[in-house]
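This is structure28.cif (mmCIF, C-alpha atoms and all ligand atoms).
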```
data_start
loop_
_atom_site.label_atom_id
_atom_site.label_comp_id
_atom_site.auth_asym_id
_atom_site.auth_seq_id
_atom_site.Cartn_x
_atom_site.Cartn_y
_atom_site.Cartn_z
CA MET A 1376 135.85 134.86 189.52
CA LYS A 1377 133.22 134.76 186.76
CA ILE A 1378 134.38 133.38 183.44
CA LEU A 1379 132.74 133.58 180.04
CA VAL A 1380 133.34 130.53 177.83
CA ILE A 1381 133.04 131.05 174.08
CA ASN A 1382 132.76 128.38 171.38
CA CYS A 1383 132.71 130.18 168.06
CA GLY A 1384 131.67 128.70 164.73
CA SER A 1385 131.63 130.42 161.33
CA SER A 1386 128.04 131.67 161.76
CA SER A 1387 127.31 130.68 165.36
CA LEU A 1388 128.58 131.40 168.86
CA LYS A 1389 127.82 129.28 171.93
CA TYR A 1390 128.52 130.71 175.36
CA GLN A 1391 128.34 129.92 179.04
CA LEU A 1392 128.99 132.19 182.00
CA LEU A 1393 130.29 130.31 185.03
CA ASP A 1394 130.93 131.43 188.59
CA MET A 1395 134.24 129.70 189.22
CA ASP A 1396 134.10 130.25 192.99
CA ASN A 1397 131.66 127.32 193.06
CA GLU A 1398 131.70 126.20 189.37
CA ALA A 1399 128.02 127.15 189.04
CA LEU A 1400 126.51 127.84 185.63
CA LEU A 1401 125.01 131.35 185.62
CA ALA A 1402 123.75 131.55 182.03
CA LYS A 1403 124.19 129.90 178.67
CA GLY A 1404 123.11 130.64 175.17
CA LEU A 1405 123.57 130.50 171.44
CA CYS A 1406 123.89 133.11 168.68
CA GLU A 1407 122.99 131.80 165.25
CA ARG A 1408 122.89 133.11 161.68
CA ILE A 1409 125.72 135.60 162.36
CA GLY A 1410 126.49 137.45 159.13
CA ILE A 1411 123.09 136.47 157.70
CA ASP A 1412 120.56 138.15 160.02
CA GLY A 1413 121.08 136.99 163.62
CA HIS A 1414 119.23 135.18 166.38
CA LEU A 1415 120.00 134.96 170.09
CA LYS A 1416 118.75 132.39 172.56
CA HIS A 1417 119.85 133.39 176.07
CA GLN A 1418 119.05 131.15 179.04
CA PRO A 1419 119.72 132.65 182.47
CA GLN A 1420 119.90 130.05 185.22
CA ASN A 1421 118.60 132.32 188.01
CA GLY A 1422 114.89 132.04 187.23
CA LYS A 1423 114.77 135.06 184.94
CA PRO A 1424 113.01 134.55 181.58
CA VAL A 1425 114.63 133.07 178.48
CA PHE A 1426 115.34 135.52 175.67
CA ASP A 1427 114.75 133.92 172.26
CA GLU A 1428 114.54 136.50 169.49
CA ASP A 1429 116.12 137.82 166.32
CA VAL A 1430 118.92 140.33 166.96
CA PRO A 1431 120.89 141.89 164.09
CA MET A 1432 124.39 140.36 163.97
CA PRO A 1433 126.30 141.49 160.88
CA THR A 1434 129.53 140.19 162.51
CA HIS A 1435 130.64 138.28 165.63
CA THR A 1436 131.34 141.62 167.35
CA GLU A 1437 127.62 142.47 167.39
CA ALA A 1438 126.90 138.91 168.58
CA ILE A 1439 129.26 139.28 171.57
CA ALA A 1440 127.82 142.72 172.31
CA ALA A 1441 124.29 141.26 172.27
CA VAL A 1442 125.38 138.48 174.65
CA LEU A 1443 126.94 141.00 177.05
CA ASP A 1444 123.83 143.15 176.85
CA LYS A 1445 121.66 140.22 177.94
CA LEU A 1446 124.11 139.01 180.62
CA THR A 1447 123.97 142.44 182.27
CA SER A 1448 120.34 143.46 181.56
CA ALA A 1449 117.79 143.98 184.33
CA GLU A 1450 115.27 141.63 182.73
CA TYR A 1451 117.50 138.73 181.59
CA GLY A 1452 120.79 139.40 183.34
CA VAL A 1453 122.89 137.41 185.80
CA VAL A 1454 125.58 140.01 186.60
CA ALA A 1455 125.33 143.72 187.41
CA ASP A 1456 127.87 144.84 184.83
CA MET A 1457 130.63 143.46 182.64
CA SER A 1458 133.40 144.33 185.09
CA GLU A 1459 132.29 141.21 187.02
CA ILE A 1460 133.55 139.03 184.16
CA GLY A 1461 137.18 138.34 185.04
CA ALA A 1462 138.28 136.41 181.97
CA VAL A 1463 137.15 134.81 178.72
CA GLY A 1464 138.01 131.24 177.73
CA HIS A 1465 137.84 130.21 174.06
CA ARG A 1466 137.56 126.80 172.52
CA VAL A 1467 140.10 126.70 169.69
CA VAL A 1468 139.96 123.63 167.46
CA HIS A 1469 143.51 123.31 166.16
CA GLY A 1470 146.73 124.10 167.99
CA GLY A 1471 148.96 122.00 165.70
CA GLU A 1472 152.17 120.89 167.41
CA LYS A 1473 152.59 124.30 169.03
CA PHE A 1474 150.19 123.85 171.94
CA ALA A 1475 150.16 120.91 174.34
CA ALA A 1476 148.23 122.93 176.92
CA SER A 1477 145.95 125.94 177.25
CA VAL A 1478 147.53 129.42 177.05
CA VAL A 1479 146.79 133.06 177.77
CA ILE A 1480 146.24 134.74 174.40
CA ASP A 1481 148.77 137.36 173.34
CA ASP A 1482 150.01 138.48 169.92
CA ALA A 1483 152.39 135.53 169.58
CA VAL A 1484 149.60 133.06 170.41
CA MET A 1485 147.30 134.74 167.89
CA ALA A 1486 149.99 134.37 165.23
CA ALA A 1487 150.42 130.69 166.11
CA ILE A 1488 146.66 130.03 165.93
CA GLU A 1489 146.70 131.83 162.56
CA GLU A 1490 149.52 129.52 161.41
CA CYS A 1491 147.27 126.52 162.16
CA VAL A 1492 144.50 127.78 159.83
CA PRO A 1493 145.58 125.54 156.92
CA LEU A 1494 145.17 122.54 159.25
CA ALA A 1495 141.58 123.51 160.21
CA PRO A 1496 140.33 125.87 157.51
CA LEU A 1497 136.70 125.64 158.62
CA HIS A 1498 137.24 126.03 162.36
CA ASN A 1499 140.29 128.13 163.28
CA PRO A 1500 139.22 131.24 161.31
CA ALA A 1501 135.92 131.25 163.25
CA ASN A 1502 137.80 130.88 166.54
CA ILE A 1503 140.10 133.79 165.60
CA THR A 1504 137.05 135.90 164.72
CA GLY A 1505 135.56 135.14 168.14
CA ILE A 1506 138.75 136.11 169.97
CA ASN A 1507 139.05 139.37 168.01
CA ALA A 1508 135.40 140.21 168.66
CA CYS A 1509 135.96 139.67 172.40
CA LYS A 1510 139.09 141.85 172.31
CA GLN A 1511 137.01 144.67 170.83
CA VAL A 1512 134.21 144.34 173.36
CA PHE A 1513 136.19 143.36 176.48
CA GLY A 1514 139.35 145.41 176.00
CA SER A 1515 142.05 144.25 178.39
CA VAL A 1516 140.13 141.39 180.10
CA PRO A 1517 142.43 138.34 179.85
CA GLN A 1518 141.54 135.72 177.24
CA VAL A 1519 142.62 132.09 177.18
CA ALA A 1520 142.73 129.55 174.34
CA VAL A 1521 141.89 125.90 175.07
CA PHE A 1522 142.71 123.60 172.17
CA ASP A 1523 140.86 120.46 171.02
CA THR A 1524 144.19 119.01 169.91
CA ALA A 1525 146.29 119.78 173.01
CA PHE A 1526 145.50 116.67 175.08
CA HIS A 1527 146.65 114.43 172.21
CA GLN A 1528 150.12 115.97 171.98
CA THR A 1529 151.44 113.24 174.30
CA MET A 1530 150.94 110.57 171.60
CA PRO A 1531 154.20 108.85 170.67
CA GLY A 1532 155.50 108.97 167.09
CA LYS A 1533 154.42 105.38 166.43
CA ALA A 1534 150.82 106.51 167.00
CA PHE A 1535 150.79 109.93 165.37
CA MET A 1536 152.89 109.30 162.26
CA TYR A 1537 151.39 108.18 158.95
CA ALA A 1538 153.43 105.77 156.84
CA ILE A 1539 153.91 108.24 153.98
CA PRO A 1540 157.09 110.03 152.81
CA TYR A 1541 158.61 111.66 155.89
CA GLU A 1542 158.89 115.07 154.21
CA TYR A 1543 155.11 115.41 154.26
CA TYR A 1544 155.38 115.44 158.04
CA THR A 1545 158.38 117.77 158.29
CA ASP A 1546 157.38 120.14 155.48
CA LEU A 1547 153.58 120.07 155.57
CA LYS A 1548 152.83 118.89 159.12
CA VAL A 1549 150.83 115.88 157.95
CA ARG A 1550 150.32 113.67 161.03
CA ARG A 1551 147.57 112.50 163.36
CA TYR A 1552 146.49 115.33 165.68
CA GLY A 1553 143.22 114.06 167.17
CA PHE A 1554 140.29 116.17 168.38
CA HIS A 1555 137.74 116.26 171.26
CA GLY A 1556 140.79 116.42 173.55
CA THR A 1557 139.05 118.63 176.12
CA SER A 1558 136.25 116.08 176.43
CA HIS A 1559 138.58 113.07 176.65
CA ARG A 1560 140.66 114.85 179.31
CA TYR A 1561 137.59 115.74 181.38
CA VAL A 1562 135.85 112.36 181.29
CA SER A 1563 139.04 110.41 182.00
CA GLY A 1564 139.64 112.58 185.09
CA GLN A 1565 136.07 112.02 186.25
CA ALA A 1566 136.37 108.27 185.60
CA ALA A 1567 139.44 108.05 187.84
CA LYS A 1568 137.48 109.81 190.61
CA LEU A 1569 134.56 107.43 190.14
CA MET A 1570 136.94 104.45 190.26
CA GLU A 1571 138.65 105.97 193.33
CA LYS A 1572 142.11 105.40 191.85
CA PRO A 1573 144.89 107.80 190.84
CA ILE A 1574 144.65 108.36 187.09
CA GLU A 1575 148.41 107.64 186.88
CA GLU A 1576 147.59 103.98 187.65
CA LEU A 1577 144.77 103.55 185.14
CA LYS A 1578 144.43 102.46 181.53
CA LEU A 1579 141.27 104.06 180.18
CA ILE A 1580 139.48 104.11 176.84
CA SER A 1581 137.18 107.06 176.31
CA CYS A 1582 134.44 106.83 173.66
CA HIS A 1583 133.11 110.29 172.75
CA MET A 1584 130.05 109.48 170.62
CA GLY A 1585 128.07 112.47 169.34
CA ASN A 1586 127.54 113.95 165.89
CA GLY A 1587 131.30 113.73 165.66
CA SER A 1588 132.82 110.73 167.40
CA SER A 1589 136.29 109.74 168.51
CA ILE A 1590 137.94 107.25 170.82
CA CYS A 1591 141.00 107.91 172.92
CA ALA A 1592 143.43 105.55 174.67
CA ILE A 1593 144.59 107.15 177.92
CA ASP A 1594 147.43 105.47 179.81
CA GLY A 1595 148.29 106.97 183.20
CA GLY A 1596 146.30 110.11 182.36
CA LYS A 1597 148.11 110.71 179.06
CA CYS A 1598 146.70 110.22 175.57
CA VAL A 1599 148.62 107.48 173.75
CA ASP A 1600 146.36 107.12 170.70
CA THR A 1601 143.15 108.48 169.25
CA SER A 1602 140.91 107.69 166.32
CA MET A 1603 140.57 111.08 164.63
CA GLY A 1604 143.55 111.99 162.54
CA PHE A 1605 144.96 114.83 160.49
CA THR A 1606 141.36 116.11 160.36
CA PRO A 1607 138.16 115.19 162.24
CA ILE A 1608 136.93 113.01 159.34
CA ALA A 1609 139.06 110.02 160.39
CA GLY A 1610 138.27 107.02 162.57
CA LEU A 1611 134.69 106.00 163.32
CA PRO A 1612 131.79 106.48 160.91
CA MET A 1613 129.93 109.53 162.29
CA GLY A 1614 126.68 111.45 161.76
CA THR A 1615 127.74 112.64 158.31
CA ARG A 1616 131.49 111.85 158.15
CA CYS A 1617 132.77 108.62 156.60
CA GLY A 1618 135.49 107.79 159.12
CA ASP A 1619 138.34 105.57 157.91
CA ILE A 1620 138.02 104.43 154.31
CA ASP A 1621 140.48 103.10 151.75
CA VAL A 1622 142.40 106.17 150.50
CA SER A 1623 142.00 105.02 146.88
CA ILE A 1624 138.25 105.60 147.02
CA PRO A 1625 138.22 109.40 146.40
CA ASP A 1626 140.30 109.07 143.21
CA TYR A 1627 138.14 106.17 142.00
CA LEU A 1628 134.98 108.19 142.67
CA CYS A 1629 136.37 111.25 140.86
CA GLN A 1630 137.19 109.15 137.80
CA ASN A 1631 133.81 107.41 137.72
CA THR A 1632 131.47 110.28 138.60
CA GLY A 1633 133.16 113.23 136.90
CA LYS A 1634 133.07 115.09 140.22
CA ASP A 1635 136.22 116.86 141.40
CA VAL A 1636 138.09 115.98 144.58
CA THR A 1637 136.67 118.94 146.51
CA THR A 1638 133.13 117.77 145.78
CA ILE A 1639 133.93 114.20 146.80
CA THR A 1640 135.69 115.34 150.00
CA ASN A 1641 132.64 117.43 150.80
CA GLU A 1642 130.42 114.37 150.31
CA LEU A 1643 132.69 112.32 152.56
CA ASN A 1644 132.36 115.00 155.26
CA LYS A 1645 128.71 115.97 154.93
CA LYS A 1646 126.77 113.21 153.15
CA SER A 1647 128.42 110.08 154.51
CA GLY A 1648 128.55 108.33 157.87
CA VAL A 1649 125.30 106.96 159.24
CA LEU A 1650 123.38 109.50 157.11
CA GLY A 1651 124.98 108.18 153.93
CA VAL A 1652 124.45 104.52 154.78
CA SER A 1653 120.89 104.86 156.11
CA GLY A 1654 119.61 107.56 153.77
CA VAL A 1655 117.46 108.51 156.78
CA SER A 1656 119.30 110.89 159.10
CA SER A 1657 122.55 111.77 160.83
CA ASP A 1658 120.69 111.79 164.14
CA PHE A 1659 120.94 108.51 166.03
CA ARG A 1660 117.43 108.94 167.49
CA ASP A 1661 115.98 108.97 163.97
CA LEU A 1662 118.02 105.89 163.06
CA THR A 1663 116.77 103.95 166.06
CA LYS A 1664 113.17 104.82 165.22
CA ALA A 1665 113.60 103.90 161.55
CA ALA A 1666 115.36 100.63 162.45
CA GLU A 1667 112.55 99.73 164.84
CA GLU A 1668 110.08 100.34 162.00
CA GLY A 1669 112.00 97.84 159.87
CA ASN A 1670 114.36 100.09 157.89
CA GLN A 1671 117.28 97.74 157.12
CA ARG A 1672 119.73 100.45 156.11
CA ALA A 1673 119.11 102.37 159.34
CA ALA A 1674 119.75 99.16 161.28
CA LEU A 1675 122.92 98.57 159.23
CA ALA A 1676 124.18 102.09 159.97
CA ARG A 1677 123.72 101.53 163.71
CA ASP A 1678 125.40 98.13 163.51
CA MET A 1679 128.35 99.59 161.59
CA PHE A 1680 128.80 102.27 164.24
CA ALA A 1681 128.70 99.82 167.17
CA TYR A 1682 131.08 97.44 165.37
CA SER A 1683 133.53 100.22 164.58
CA VAL A 1684 133.56 101.47 168.20
CA ALA A 1685 134.12 97.92 169.48
CA LYS A 1686 136.97 97.29 167.01
CA THR A 1687 138.70 100.50 168.06
CA VAL A 1688 138.30 99.72 171.77
CA GLY A 1689 139.91 96.32 171.07
CA ALA A 1690 142.76 97.99 169.23
CA TYR A 1691 143.39 100.40 172.11
CA ALA A 1692 143.25 97.64 174.72
CA ALA A 1693 146.02 96.01 172.66
CA ALA A 1694 147.90 99.30 172.31
CA MET A 1695 147.97 99.73 176.11
CA ASN A 1696 148.38 96.00 176.83
CA GLY A 1697 145.25 96.14 178.96
CA VAL A 1698 142.36 98.32 179.99
CA ASP A 1699 140.82 99.11 183.40
CA GLY A 1700 137.88 101.25 182.38
CA ILE A 1701 135.84 102.13 179.30
CA ILE A 1702 133.96 105.45 179.25
CA PHE A 1703 130.93 106.43 177.16
CA THR A 1704 130.18 110.13 176.69
CA ALA A 1705 128.54 112.82 174.47
CA GLY A 1706 125.03 112.76 172.96
CA VAL A 1707 124.93 109.11 171.90
CA GLY A 1708 127.28 107.81 174.60
CA GLU A 1709 125.31 109.48 177.40
CA ASN A 1710 121.79 108.80 176.14
CA ASP A 1711 121.62 105.77 173.86
CA ALA A 1712 121.56 102.76 176.22
CA GLU A 1713 120.83 100.37 173.36
CA MET A 1714 123.91 101.52 171.46
CA ARG A 1715 126.05 101.06 174.59
CA ALA A 1716 124.63 97.55 175.01
CA ASP A 1717 125.32 96.71 171.35
CA ILE A 1718 128.95 97.85 171.73
CA CYS A 1719 129.46 96.03 175.02
CA GLN A 1720 128.36 92.72 173.47
CA TYR A 1721 131.73 92.70 171.70
CA LEU A 1722 133.73 93.42 174.85
CA THR A 1723 133.06 90.45 177.15
CA TYR A 1724 136.36 88.81 176.11
CA LEU A 1725 138.13 91.74 177.78
CA GLY A 1726 136.32 91.04 181.04
CA ALA A 1727 133.86 93.94 180.60
CA GLU A 1728 130.44 92.77 181.81
CA LEU A 1729 127.53 95.14 181.26
CA CYS A 1730 124.88 95.40 183.99
CA PRO A 1731 121.68 95.81 181.91
CA GLY A 1732 119.75 97.34 184.84
CA CYS A 1733 122.45 99.97 185.48
CA ASN A 1734 122.73 100.65 181.74
CA ALA A 1735 119.02 101.44 181.53
CA LYS A 1736 119.18 104.07 184.31
CA ARG A 1737 119.86 107.76 183.65
CA GLY A 1738 121.99 110.05 185.80
CA GLY A 1739 125.40 111.65 186.19
CA ASP A 1740 128.79 109.91 186.42
CA ARG A 1741 128.01 106.23 186.93
CA PHE A 1742 129.10 102.63 186.49
CA ILE A 1743 127.10 100.50 184.04
CA SER A 1744 129.15 97.32 184.52
CA LYS A 1745 128.39 94.51 186.93
CA GLN A 1746 129.96 94.96 190.34
CA ASP A 1747 132.57 92.21 189.77
CA SER A 1748 133.36 93.21 186.17
CA LYS A 1749 137.15 93.14 185.70
CA VAL A 1750 136.96 96.11 183.33
CA LYS A 1751 134.68 98.92 184.52
CA LEU A 1752 132.13 100.36 182.10
CA MET A 1753 131.10 103.95 182.82
CA VAL A 1754 128.86 106.73 181.54
CA ILE A 1755 130.39 110.16 182.23
CA PRO A 1756 128.52 113.21 180.90
CA THR A 1757 131.10 115.45 179.25
CA ASN A 1758 131.54 119.11 180.16
CA GLU A 1759 134.00 120.82 177.86
CA GLU A 1760 132.90 124.30 178.99
CA LEU A 1761 133.82 123.53 182.59
CA VAL A 1762 137.32 122.43 181.53
CA ILE A 1763 137.74 125.62 179.51
CA ALA A 1764 136.63 127.70 182.50
CA ARG A 1765 138.93 125.78 184.89
CA ASP A 1766 141.95 126.20 182.59
CA THR A 1767 141.12 129.88 182.14
CA LYS A 1768 140.87 130.46 185.88
CA ALA A 1769 144.11 128.61 186.59
CA LEU A 1770 146.05 130.55 183.95
CA VAL A 1771 144.63 133.94 184.84
CA GLU A 1772 145.29 133.46 188.56
CA LYS A 1773 148.88 132.36 187.94
P1 LIG B 1801 127.98 117.24 168.90
O1 LIG B 1801 129.05 116.40 168.29
O2 LIG B 1801 127.24 118.08 167.90
O3 LIG B 1801 128.38 117.97 170.16
P2 LIG B 1801 126.28 115.69 170.67
O4 LIG B 1801 127.30 115.20 171.60
O5 LIG B 1801 125.29 116.69 171.13
O6 LIG B 1801 126.90 116.16 169.31
O7 LIG B 1801 125.48 114.40 170.14
C1 LIG B 1801 124.47 114.48 169.18
C2 LIG B 1801 123.97 113.07 168.90
O8 LIG B 1801 123.46 112.52 170.12
C3 LIG B 1801 122.82 113.03 167.89
O9 LIG B 1801 123.08 112.04 166.91
C4 LIG B 1801 121.64 112.60 168.73
O10 LIG B 1801 120.79 111.76 168.03
C5 LIG B 1801 122.28 111.82 169.84
N1 LIG B 1801 121.38 111.77 170.98
C6 LIG B 1801 121.01 112.78 171.78
N2 LIG B 1801 120.09 112.37 172.68
C7 LIG B 1801 119.86 111.06 172.42
C8 LIG B 1801 119.02 110.05 172.99
N3 LIG B 1801 118.21 110.31 174.00
N4 LIG B 1801 119.07 108.81 172.46
C9 LIG B 1801 119.88 108.56 171.42
N5 LIG B 1801 120.70 109.45 170.86
C10 LIG B 1801 120.69 110.68 171.34
#
```
In structure tokens, how does this file's structure come out?
Amino acid sequence: MKILVINCGSSSLKYQLLDMDNEALLAKGLCERIGIDGHLKHQPQNGKPVFDEDVPMPTHTEAIAAVLDKLTSAEYGVVADMSEIGAVGHRVVHGGEKFAASVVIDDAVMAAIEECVPLAPLHNPANITGINACKQVFGSVPQVAVFDTAFHQTMPGKAFMYAIPYEYYTDLKVRRYGFHGTSHRYVSGQAAKLMEKPIEELKLISCHMGNGSSICAIDGGKCVDTSMGFTPIAGLPMGTRCGDIDVSIPDYLCQNTGKDVTTITNELNKKSGVLGVSGVSSDFRDLTKAAEEGNQRAALARDMFAYSVAKTVGAYAAAMNGVDGIIFTAGVGENDAEMRADICQYLTYLGAELCPGCNAKRGGDRFISKQDSKVKLMVIPTNEELVIARDTKALVEK
């Protein structure tokens, strides 16, 4: 069965077409500037040329139609016609407390995703738009929703509750939800395979470090805690997000700058993190370069990130009363060996011994700890699209 995976943003749409008989990637691509003018980059994986041109996309429906056109075209295509596509899997950011697993989308599921809009006002509306656009173009082809929050629904109350008046939880659903769940689920499963142990017997800490970053404590294959919270701003300092700060700061800033709370919240989301501290960039490659050239604030931003990751790993080792393996993944986790080394300097007390030679090498799923390290250190490239396609296949075949 061939499955189209869709990750829809407010003005963008990422896609991958996978052949799930052998989990091979057939094509991938990105629509950008939807609703503005429109641009499609389509990359077939069968040797046909890349398409990289402006295409009018007044709405997501035209974007999906353009994707289908390229997937089935003689010049750029990878399938003969759209009837070969058996199902569509969608990344949906917020499933609230309603979804602890992926589901086939029907009217009731759409209503529930709609109900979660107040919890993710930037993301869920875009996901809904993507699903509706696919319904228009694909008709009755089954569609599946895979939620970023679902994996974290196993957290116990002591981990997901905030110590605020209880009514805010019961009436307004204020609690820790966590995000990047699809990634944490995938890399923890791969780590267990690499360690050749059943995941039920392992205590793992997964560090997803990209533009957005989060850490997850996974005991016996189940999430027991995670660093993002009610929204994806919480936890670690990120590319542009502040991570955990004293909650009194926004009010103090409003009073002393004359800015309103919306403006300050926007700054905490978009002008903070390593960008805010360094004044250089949200991109860790730029920070490394600037730090090497002597920029103290860029060096500080990197140090703050490494320190924050290490502190959270320590907290989760305590939460699980032990740890067997620590996983690094996503853009920074997979590629920035120096950042991994900086983090691991803090972790020797746990019995996690980095092998510098292994850490310097590139590749797929791999150990970067010394052979006799009590706690295994691993790099596992994440693959959220594959998880979405696997869930979609499993649900559609059921
Ligand atoms: P997103 O959260 O947008 O999915 P990614 O997982 O793609 O983000 O991670 C993006 C981050 O990864 C950027 O900050 C980028 O600098 C960093 N990154 C990518 N490649 C490298 C590299 N070779 N060395 C250091 N950092 C890298």
* To do: Please extract the residues at most 6 Å from ligand LIG 1801 (chain B), counting only C-alpha atoms and all ligand atoms, and provide them as a PyMOL selection string, using the chain letters and residue numbers of this document.
  => chain A and resi 1585-1587+1658-1660+1705-1707+1710-1711
* Residue neighbourhood segment 1620-1622 of chain A, 9 Å, only C-alpha atoms, exclusion window fewer than 4 positions, as number ranges by chain -> A: 1609-1610, 1626
Write out as a tab-separated table a residue-level contact list of segment 1531-1643 of chain A versus segment 1455-1474 of chain A with cut-off 10 Å: for each qualifying residue the closest pair of atoms and the distance in Å to one decimal, counting all atoms listed in the file, rows sorted by chain and residue number upward.
```
residue	atom	partner	partner_atom	distance
A:Lys1548	CA	A:Gly1471	CA	8.2
A:Arg1550	CA	A:Gly1471	CA	9.6
A:Arg1551	CA	A:Gly1471	CA	9.9
A:Tyr1552	CA	A:Gly1471	CA	7.1
A:Gly1553	CA	A:His1469	CA	9.3
A:Phe1554	CA	A:Val1468	CA	7.5
A:His1555	CA	A:Val1468	CA	8.6
A:Gly1556	CA	A:Val1468	CA	9.5
A:Thr1557	CA	A:Arg1466	CA	9.1
A:Phe1605	CA	A:Gly1471	CA	9.7
A:Thr1606	CA	A:His1469	CA	9.5
```
* Asked: So, counting all atoms listed in the file, which residue among A:Ile1718, A:Ile1701, A:Met1695, A:Cys1629 is closest to Arg1677 of chain A?
  ->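 Once distances to Arg1677 of chain A are computed over all atoms listed in the file, the minimum belongs to A:Ile1718.
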* atom CA of Thr1615 of chain A and atom CA of Thr1640 of chain A are how many Å apart? ->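 According to the coordinates, atom CA of Thr1615 of chain A and atom CA of Thr1640 of chain A are separated by 11.8 Å.
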* **Residue list as a PyMOL selection string for point (148.1, 130.8, 163.0), cut-off 12 Å, all atoms listed in the file** => chain A and resi 1467-1474+1482-1496+1498-1500+1502-1503
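Distance-wise, atom CA of Pro1419 of chain A and atom CA of Val1562 of chain A end up 25.9 Å apart.
For Met1530 of chain A, the non-local neighbours within 10 Å, defined as residues at least 4 positions apart in the same chain or in other chains and counting all atoms listed in the file, are Phe1526, Ala1534, Phe1535, Met1536, Arg1551, Tyr1552, Gly1553, Ala1592, Ile1593, Lys1597, Cys1598, Val1599, Asp1600 and Thr1601 of chain A.
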* To do: List every protein, DNA or RNA residue that has at least one atom no more than 10 Å from (141.9, 131.9, 188.6) in the file's coordinates, counting only C-alpha atoms, and write the result as a list in words.
  => Met1376, Lys1377, Ile1378, Met1395, Asp1396, Gly1461, Ala1462, Ala1764, Arg1765, Asp1766, Thr1767, Lys1768, Ala1769, Leu1770, Val1771, Glu1772 and Lys1773 of chain A
* Smallest atom-to-atom distance to Tyr1451 of chain A: which of A:Pro1431, A:Gly1739, A:Gly1422, A:Pro1731, using all atoms listed in the file? -> A:Gly1422
* To do: Tell me which protein, DNA and RNA residues are within 8 Å of Arg1741 of chain A, counting all atoms listed in the file, leaving out same-chain ones fewer than 3 positions away, and put them as a list of chain:residue names.
  => A:Leu1569, A:Gly1738, A:Met1753, A:Val1754, A:Ile1755
Build an axis-aligned box that encloses every atom of segment 1583-1600 of chain A listed in the file, pad it by 3 Å on each side, and report its centre and edge lengths in Å to one decimal, as JSON.
```
{"center_x": 138.1, "center_y": 109.7, "center_z": 174.4, "size_x": 27.1, "size_y": 14.5, "size_z": 23.5}
```
* **Long-range neighbours of Val1512 of chain A as a count of residues only, 12 Å cut-off, only C-alpha atoms, 5 positions minimum in chain** => 17
* To do: Just the residues within 8 Å of segment 1725-1728 of chain A, please, counting all atoms listed in the file, with nothing from its chain fewer than 6 positions along; format it as a list in words.
  =>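 Contacts, with the query itself left out: Cys1719, Ser1744, Lys1745, Ser1748, Lys1749, Val1750, Lys1751 and Leu1752 of chain A.
Proximity ranking of A:Ile1574, A:Ile1480, A:Leu1675, A:Leu1611 relative to Pro1517 of chain A places A:Ile1480 first, based on all atoms listed in the file.
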* Can you work out the spacing between atom CA of Val1698 of chain A and atom CA of Ile1580 of chain A in Å, to one decimal? =>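 Distance reported for this atom pair: 7.2 Å.
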* Kindly indicate which residue among A:Ser1588, A:Gln1565, A:Asn1421, A:Ala1716 lies nearest to Leu1401 of chain A, using all atoms listed in the file for the distances. =>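 Among the listed residues, the smallest separation from Leu1401 of chain A belongs to A:Asn1421.
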* Which one is closest to Pro1612 of chain A: A:Ser1558, A:Ser1683, A:Thr1524, A:Ser1563? Count only C-alpha atoms. ->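 Once distances to Pro1612 of chain A are computed over only C-alpha atoms, the minimum belongs to A:Ser1683.
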* To do: Would you please work out which residue, of A:Cys1617, A:Thr1663, A:Glu1668, A:Tyr1544, is nearest to Lys1645 of chain A when using all atoms listed in the file?
  => A:Cys1617
